[in-house]
Structures are given as C-alpha cells and as structure tokens.
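Report on the following structure.
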Amino acid sequence: MKAGDEIVIGAMEHHSNIVPWQLLCEEKGARLRVIPINDRGELLLEEYRKLLDRARAWWRWARFQTPWGASARVREIIEMAHEAGALTLIDGAQAVPHMKVDVQALDADFYAFSGHKLYGPTGIGMLYGKKKLLDAMPPYQGGGDMIRTVHVREDHL
Ligand SMILES: Cc1ncc(COP(=O)(O)O)c(C=O)c1O
C-alpha cells in the first residue's frame, strides 16, 4: 500500500474488517471507500463498479452474511475487482463454518478466517494468499523456523 491507494469495503462489514483498514489508511496515506447497501442489505454493485472505475482498489468483504444473502455474488465481485486491476481479500469468518470454500475457484487473492468461528481455539486464524503475491511481500515477522539459510551481506561487515 502507498499514499493515494484506495481500499474498498462493504457497508455491512464487521468492525474487525473496518478498523484495521482505517489504521492502515492512516499509516500509508491511503483512502477507505465504502460500497453502500440498499434497504434489503445488498451491496449496490453499480456503486462498487464506480469505485473500481475510479481507482485501483483493495477490496474486502464478508463472504457469507446470512441476513444479507449476497454471498452468491462473491465470485462476480472478485471478478469485477480483477477486471479493474484490484486485489481482493475475503473475510471468510462467517463462510467457513457453514460451507465448503474453494479459494481457487473463487480466485480470491487473499482469504482470511478465525479459528474460534470453527469451534477452534481463540487466538488462531488462517490467512490464505496466492503464492506469487506472498512471494512478492516482505515477511511480516523475522525469527527462527522461518528460514532455511541465513547470510550476512558483505556491507554488513
Ligand atoms: C464476518 C466476521 N468477520 C470478522 C469477525 C471477527 O473475528 P475475530 O473474533 O476472530 O476477530 C467476525 C466475528 O464475529 C465476523 O463475523
């Protein structure tokens, strides 16, 4: 992320899928955009298209939210993001306990969910990412058990 980038989320997100993006925007000088919903709680895809048309965007949205019933459109929404050159990160916290999820069929760039929603322990979760994207990213932590070999560069000596 860099200054001027945009992050697009749905208006009905869980706050845990809003606040981290607000913090990231603050840190990077990026902008958060919200896709509005109609009275039935459905995302207004024409508004989403406008946001995508205007900017390369990161988009994140809860994949399966029973009251809103918009889950069938996830594949379409991801496709629209990709057509606009945007990456997608799906919040699957409510999807994984209820249905089989195929991240490759969805073509999600990233997919996240938490353990306790699957009756697992609290404090654990899963983040899936396409290999080419993960390879291009810096490690989020350093330390033991994350490397095969370590080298000290000459200019460090
Ligand atoms: C759609 C969705 N995303 C995220 C979360 C938050 O997950 P966690 O409790 O692991 O932060 C929840 C929890 O209710 C959720 O329903």
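Note on naming: chains are A, B, ... as they come in the structure tokens, residues start from 1 per chain, ligands start from 1 in the order shown.
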
Tell me which protein, DNA and RNA residues are within 9 Å of stretch 30-39 of chain A, counting only C-alpha atoms, leaving out same-chain ones fewer than 3 positions away, and put them as number ranges by chain. A: 1-12, 21-22, 24-27, 42-45, 47-48, 51

Protein and nucleic residues near ligand 1, 10 Å, only C-alpha atoms and all ligand atoms, as a list in words: Met12, Glu13, His14, His15, Ser16, Asn17, Ile18, Trp61, Ala62, Arg63, Phe64, Gln65, Ile90, Asp91, Gly92, Ala93, Gln94, Ala95, Ala112, Phe113, Ser114, Gly115, His116, Lys117, Thr122, Gly123, Ile124, Gly125 and Met126 of chain A

Go through A:Val96, A:Leu134, A:Val19, A:Val74 one by one, measure the shortest atom-to-atom distance of each to A:Ala108 using only C-alpha atoms, and give the residue with the smallest value.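 Selected residue with least distance to A:Ala108: A:Val74.
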
Considering only C-alpha atoms, state which residue in the set A:Met146, A:Glu46, A:Asp53, A:Arg40 is at the smallest distance from A:Glu83.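 Of all the options, A:Asp53 lies closest to A:Glu83.
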
At what distance in Å, to one decimal, does atom CA of A:Arg73 lie from atom CA of A:Gln104?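 These two atoms are separated by 15.6 Å.
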
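Note that the spacing between atom CA of A:Lys132 and atom CA of A:Val150 amounts to 22.1 Å.
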
Among stretch 100-146 of chain A, which residues carry a DSSP assignment of alpha helix (DSSP H), reported as a ChimeraX atom specification? /A:103-106,131-136
